[in-house]
file entry_24.txt (compact mmCIF, C-alpha atoms)
# COMPACT_ATOMS: atom_id res chain seq x y z
CA MET X 12 -186.62 69.47 -158.24
CA LEU X 13 -184.79 67.76 -161.06
CA SER X 14 -185.23 69.00 -164.61
CA GLN X 15 -186.54 66.60 -167.24
CA ASN X 16 -183.08 66.48 -168.82
CA ASP X 17 -181.55 65.52 -165.47
CA LYS X 18 -184.16 62.82 -165.00
CA ASP X 19 -183.61 61.44 -168.49
CA GLY X 20 -179.85 61.32 -168.00
CA LEU X 21 -180.20 59.63 -164.65
CA LEU X 22 -182.55 56.99 -166.04
CA LYS X 23 -180.29 56.38 -169.04
CA ARG X 24 -177.25 55.72 -166.84
CA TYR X 25 -179.31 53.54 -164.50
CA ALA X 26 -180.63 51.50 -167.43
CA HIS X 27 -177.07 50.88 -168.63
CA PHE X 28 -176.07 49.16 -165.40
CA LYS X 29 -179.40 47.43 -164.97
CA SER X 30 -179.24 45.89 -168.43
CA ALA X 31 -175.64 44.75 -167.84
CA LEU X 32 -176.83 42.74 -164.84
CA ASP X 33 -180.01 41.52 -166.53
CA GLU X 34 -177.94 40.04 -169.35
CA ARG X 35 -176.02 37.83 -166.94
CA ALA X 36 -177.01 34.28 -166.21
CA GLY X 37 -178.04 33.76 -162.62
CA LYS X 38 -179.14 36.32 -160.06
CA GLN X 39 -177.08 39.46 -159.57
CA ASP X 40 -178.55 42.41 -157.68
CA LEU X 41 -177.95 46.10 -158.35
CA LEU X 42 -177.48 48.12 -155.18
CA VAL X 43 -177.66 51.85 -155.90
CA VAL X 44 -175.36 53.85 -153.63
CA SER X 45 -177.32 57.02 -152.96
CA LYS X 46 -174.99 58.79 -150.51
CA ASN X 47 -174.66 62.52 -151.24
CA GLN X 48 -177.76 62.34 -153.46
CA SER X 49 -181.10 64.01 -152.87
CA ALA X 50 -184.42 62.37 -152.14
CA ASP X 51 -185.54 63.54 -155.61
CA HIS X 52 -182.80 61.45 -157.25
CA ILE X 53 -183.87 58.41 -155.26
CA ALA X 54 -187.53 58.96 -156.13
CA VAL X 55 -186.77 58.96 -159.88
CA LEU X 56 -185.08 55.57 -159.62
CA ALA X 57 -187.70 54.19 -157.23
CA GLU X 58 -190.42 55.11 -159.73
CA ALA X 59 -188.40 53.22 -162.38
CA GLY X 60 -188.50 50.08 -160.24
CA GLN X 61 -185.22 50.23 -158.29
CA ARG X 62 -185.76 48.94 -154.75
CA ALA X 63 -182.34 48.62 -153.07
CA PHE X 64 -180.43 51.74 -151.99
CA ALA X 65 -177.28 52.12 -149.90
CA GLU X 66 -176.12 54.84 -147.56
CA ASN X 67 -172.91 55.45 -145.61
CA TYR X 68 -174.11 57.71 -142.80
CA TRP X 69 -177.17 57.43 -140.61
CA GLN X 70 -177.56 61.21 -140.26
CA GLU X 71 -177.74 61.64 -144.04
CA ALA X 72 -179.95 58.60 -144.58
CA GLU X 73 -182.62 59.41 -142.01
CA GLN X 74 -184.54 62.02 -144.01
CA LYS X 75 -184.25 60.05 -147.24
CA ILE X 76 -185.71 56.93 -145.63
CA GLN X 77 -188.62 58.94 -144.25
CA ALA X 78 -189.19 60.80 -147.53
CA GLN X 79 -189.42 57.58 -149.54
CA GLY X 80 -191.65 55.72 -147.10
CA HIS X 81 -194.38 55.33 -149.73
CA PHE X 82 -192.08 53.13 -151.85
CA PRO X 83 -191.35 49.53 -150.76
CA LEU X 84 -187.61 50.19 -150.63
CA GLN X 85 -184.82 48.16 -149.08
CA TRP X 86 -182.13 50.16 -147.30
CA HIS X 87 -178.53 48.95 -146.99
CA PHE X 88 -175.95 50.47 -144.66
CA ILE X 89 -172.44 50.28 -146.12
CA GLY X 90 -170.44 52.67 -143.89
CA ARG X 91 -168.53 52.06 -140.68
CA VAL X 92 -170.92 51.18 -137.86
CA GLN X 93 -170.30 53.28 -134.76
CA ARG X 94 -171.44 51.76 -131.49
CA ASN X 95 -173.53 54.81 -130.59
CA LYS X 96 -175.35 54.63 -133.95
CA ALA X 97 -176.00 50.89 -133.89
CA ALA X 98 -179.54 51.24 -132.53
CA LYS X 99 -180.57 53.71 -135.25
CA ILE X 100 -179.02 51.59 -137.99
CA ALA X 101 -180.59 48.38 -136.75
CA ALA X 102 -184.02 50.00 -136.45
CA HIS X 103 -184.18 51.65 -139.88
CA PHE X 104 -182.02 49.59 -142.25
CA ASP X 105 -182.69 46.17 -143.75
CA TRP X 106 -179.04 45.29 -144.34
CA VAL X 107 -175.61 46.09 -142.91
CA HIS X 108 -172.71 45.29 -145.26
CA SER X 109 -169.84 46.54 -143.12
CA LEU X 110 -169.87 44.36 -140.02
CA ASP X 111 -166.36 43.57 -138.78
CA ASP X 112 -166.64 43.38 -134.99
CA ASP X 113 -168.36 40.98 -132.58
CA LEU X 114 -169.33 43.73 -130.11
CA ILE X 115 -170.97 45.70 -132.91
CA ALA X 116 -172.83 42.54 -133.94
CA GLN X 117 -174.15 42.18 -130.41
CA SER X 118 -175.23 45.83 -130.34
CA LEU X 119 -177.05 45.50 -133.66
CA SER X 120 -178.81 42.33 -132.54
CA ARG X 121 -179.97 43.86 -129.26
CA ALA X 122 -181.29 46.93 -131.07
CA ARG X 123 -183.21 44.79 -133.57
CA VAL X 124 -185.16 42.89 -130.91
CA ASP X 125 -188.47 44.71 -131.56
CA ASN X 126 -188.40 44.07 -135.30
CA ALA X 127 -190.20 40.99 -136.63
CA ARG X 128 -187.45 40.32 -139.18
CA PRO X 129 -183.76 39.81 -138.48
CA LEU X 130 -181.22 42.31 -139.75
CA ASN X 131 -179.38 40.96 -142.80
CA VAL X 132 -175.62 41.35 -142.37
CA CYS X 133 -172.51 40.89 -144.47
CA ILE X 134 -169.05 40.73 -142.95
CA GLN X 135 -166.61 43.18 -144.49
CA VAL X 136 -163.25 41.59 -145.31
CA ASN X 137 -160.08 43.67 -145.55
CA ILE X 138 -158.77 41.52 -148.37
CA SER X 139 -156.10 44.08 -149.36
CA HIS X 140 -154.75 44.41 -145.77
CA GLU X 141 -155.05 48.21 -145.77
CA ASP X 142 -154.57 49.79 -142.34
CA GLN X 143 -156.91 52.71 -143.03
CA LYS X 144 -159.76 50.52 -144.24
CA GLY X 145 -162.43 48.75 -142.24
CA GLY X 146 -162.99 45.04 -142.42
CA ILE X 147 -161.72 41.90 -140.77
CA GLU X 148 -158.59 40.07 -141.85
CA PRO X 149 -159.34 36.94 -143.91
CA ASP X 150 -157.74 34.65 -141.30
CA ASP X 151 -160.22 35.93 -138.68
CA LEU X 152 -163.32 35.64 -140.85
CA PHE X 153 -164.68 32.28 -139.80
CA GLY X 154 -164.32 32.99 -136.08
CA LEU X 155 -166.34 36.19 -136.43
CA ALA X 156 -168.88 34.52 -138.71
CA ASP X 157 -169.55 31.83 -136.10
CA LYS X 158 -170.23 34.53 -133.49
CA VAL X 159 -172.47 36.55 -135.80
CA ALA X 160 -174.49 33.48 -136.79
CA VAL X 161 -175.65 32.87 -133.22
CA GLN X 162 -176.95 36.39 -132.68
CA PRO X 163 -180.73 35.96 -132.39
CA HIS X 164 -181.75 39.03 -134.38
CA LEU X 165 -179.12 38.93 -137.15
CA LEU X 166 -179.06 36.83 -140.30
CA LEU X 167 -175.62 36.21 -141.77
CA ARG X 168 -176.02 36.69 -145.53
CA GLY X 169 -172.47 36.91 -146.84
CA LEU X 170 -169.38 39.00 -147.43
CA MET X 171 -168.53 42.50 -148.60
CA VAL X 172 -165.23 43.88 -149.88
CA ILE X 173 -163.85 47.27 -150.92
CA PRO X 174 -160.58 46.44 -152.69
CA SER X 175 -157.59 48.72 -153.10
CA LYS X 176 -157.84 51.55 -155.63
CA ALA X 177 -154.07 51.48 -156.13
CA VAL X 178 -154.05 48.63 -158.64
CA LEU X 179 -155.13 48.44 -162.27
CA SER X 180 -157.15 45.26 -161.81
CA ASN X 181 -158.88 43.70 -158.81
CA ARG X 182 -159.70 40.45 -160.57
CA ALA X 183 -157.37 38.37 -158.36
CA VAL X 184 -158.79 39.98 -155.21
CA PHE X 185 -162.33 39.30 -156.34
CA GLU X 186 -161.47 35.68 -157.09
CA ASP X 187 -159.94 35.29 -153.61
CA MET X 188 -163.10 36.76 -152.10
CA HIS X 189 -165.24 34.33 -154.04
CA SER X 190 -163.21 31.42 -152.67
CA LEU X 191 -163.67 32.71 -149.12
CA TRP X 192 -167.40 33.12 -149.76
CA VAL X 193 -167.74 29.53 -151.03
CA ASP X 194 -165.91 28.26 -147.94
CA LEU X 195 -168.20 30.33 -145.70
CA GLN X 196 -171.27 28.85 -147.39
CA GLN X 197 -170.14 25.40 -146.33
CA ARG X 198 -170.19 26.51 -142.68
CA HIS X 199 -173.30 28.71 -142.78
CA PRO X 200 -176.12 27.76 -145.21
CA SER X 201 -177.77 31.20 -144.87
CA VAL X 202 -174.88 32.77 -146.81
CA ASP X 203 -176.00 33.72 -150.33
CA THR X 204 -174.59 37.21 -150.95
CA LEU X 205 -171.20 38.36 -152.20
CA SER X 206 -171.25 42.16 -152.24
CA MET X 207 -168.34 43.42 -154.36
CA GLY X 208 -167.74 45.59 -157.36
CA MET X 209 -168.42 49.29 -157.93
CA SER X 210 -168.77 51.61 -160.91
CA ALA X 211 -165.20 51.15 -162.18
CA ASP X 212 -164.77 47.42 -161.63
CA TYR X 213 -168.23 45.86 -161.45
CA LEU X 214 -167.72 43.75 -164.58
CA GLU X 215 -164.59 42.16 -163.09
CA ALA X 216 -166.52 41.52 -159.90
CA LEU X 217 -169.39 39.89 -161.78
CA ASP X 218 -166.97 37.69 -163.71
CA ALA X 219 -165.49 36.56 -160.39
CA GLY X 220 -168.87 35.62 -158.95
CA ALA X 221 -170.33 38.71 -157.26
CA THR X 222 -174.03 38.43 -156.49
CA MET X 223 -174.48 42.13 -155.68
CA VAL X 224 -172.69 45.19 -157.08
CA ARG X 225 -172.74 48.65 -155.51
CA ILE X 226 -173.08 51.42 -158.08
CA GLY X 227 -173.13 55.11 -157.23
CA ARG X 228 -170.87 57.37 -159.26
CA GLY X 229 -171.65 55.64 -162.56
CA ILE X 230 -175.36 56.32 -162.14
CA PHE X 231 -175.37 59.74 -160.50
call {"tool": "encode", "arguments": {"input": "entry_24.txt", "output": "structure tokens"}}
result
Amino acid sequence: MLSQNDKDGLLKRYAHFKSALDERAGKQDLLVVSKNQSADHIAVLAEAGQRAFAENYWQEAEQKIQAQGHFPLQWHFIGRVQRNKAAKIAAHFDWVHSLDDDLIAQSLSRARVDNARPLNVCIQVNISHEDQKGGIEPDDLFGLADKVAVQPHLLLRGLMVIPSKAVLSNRAVFEDMHSLWVDLQQRHPSVDTLSMGMSADYLEALDAGATMVRIGRGIF
């Protein structure tokens, strides 16, 4: 159980990020990254009105999803999707942000067949060309997007990026991502989400046109 001081601190940090988004013109969503956090932490924020939470690993997320079943929460998967976990992810999550492979897209779609709603997906773009990082190369984006868009149980919603941590500013990267996103919207009208920006660089991401920022460390 969290102490009252812990709860107050958590809510204060959450309110800081929430108000920063609320002050912006337009619609920007706060996605709380709850990996490595307890169900009690999630419950405090859920009671405060937060609805969207993100996890990196199915094994860690499973108990949290079950524990918070009484809240109308939306669960986002932001880690690498392994083929043998695709069925679990598709069955229990509302979004996948890290799609970068056509075969994985097919697996997710097949696993979603019994759900009345399609699985919302974002394609992860390796905009910084880092070998150790997931995501598709920008030149291959539109080919993959066309394949994802025809999957019967997926809904292509947009793009996600995790830029390099080795630079002082990611503004140029975020602006390049926004241009790619605008181009993708012309091809696929369902695209409305640009998932980029984290605790250290979310303001730069918002300035560049992000519609969803992923905040974990800054809140917890």
call {"tool": "residues_around", "arguments": {"input": "entry_24.txt", "residues": "stretch 123-137 of chain X", "least_positions_apart": "2", "cutoff": "9 Å", "atoms": "only C-alpha atoms", "output": "VMD selection string"}}
result
chain X and resid 98 101 to 102 104 to 112 116 118 to 121 139 to 142 144 to 149 152 155 to 156 159 163 to 174 188 202 204 to 206
call {"tool": "atom_distance", "arguments": {"input": "entry_24.txt", "atom1": "atom CA of X:Leu195", "atom2": "atom CA of X:Arg35"}}
result
23.8 Å
call {"tool": "residues_around", "arguments": {"input": "entry_24.txt", "residues": "stretch 221-229 of chain X", "least_positions_apart": "2", "cutoff": "7 Å", "atoms": "all atoms listed in the file", "output": "list in words"}}
result
Lys38, Gln39, Asp40, Leu41, Leu42, Val43, Val44, Ser45, Thr204, Leu205, Ser206, Met207, Gly208, Met209, Ser210, Tyr213, Ala216, Leu217, Ala219 and Phe231 of chain X
call {"tool": "atom_distance", "arguments": {"input": "entry_24.txt", "atom1": "atom CA of X:Met12", "atom2": "atom CA of X:Ser49"}}
result
9.4 Å
call {"tool": "atom_distance", "arguments": {"input": "entry_24.txt", "atom1": "atom CA of X:Asp187", "atom2": "atom CA of X:Leu32"}}
result
21.6 Å
call {"tool": "closest_residue", "arguments": {"input": "entry_24.txt", "among": "X:Ser201, X:Gln74, X:Ser30, X:Gln85", "to": "X:Ala57", "atoms": "only C-alpha atoms"}}
result
X:Gln85
call {"tool": "residues_near_point", "arguments": {"input": "entry_24.txt", "point": "(-187.6, 56.4, -142.1)", "cutoff": "12 Å", "atoms": "all atoms listed in the file", "output": "JSON, numbers by chain"}}
result
{"X": [69, 70, 71, 72, 73, 74, 75, 76, 77, 78, 79, 80, 81, 82, 83, 84, 85, 86, 99, 100, 101, 102, 103, 104, 105]}
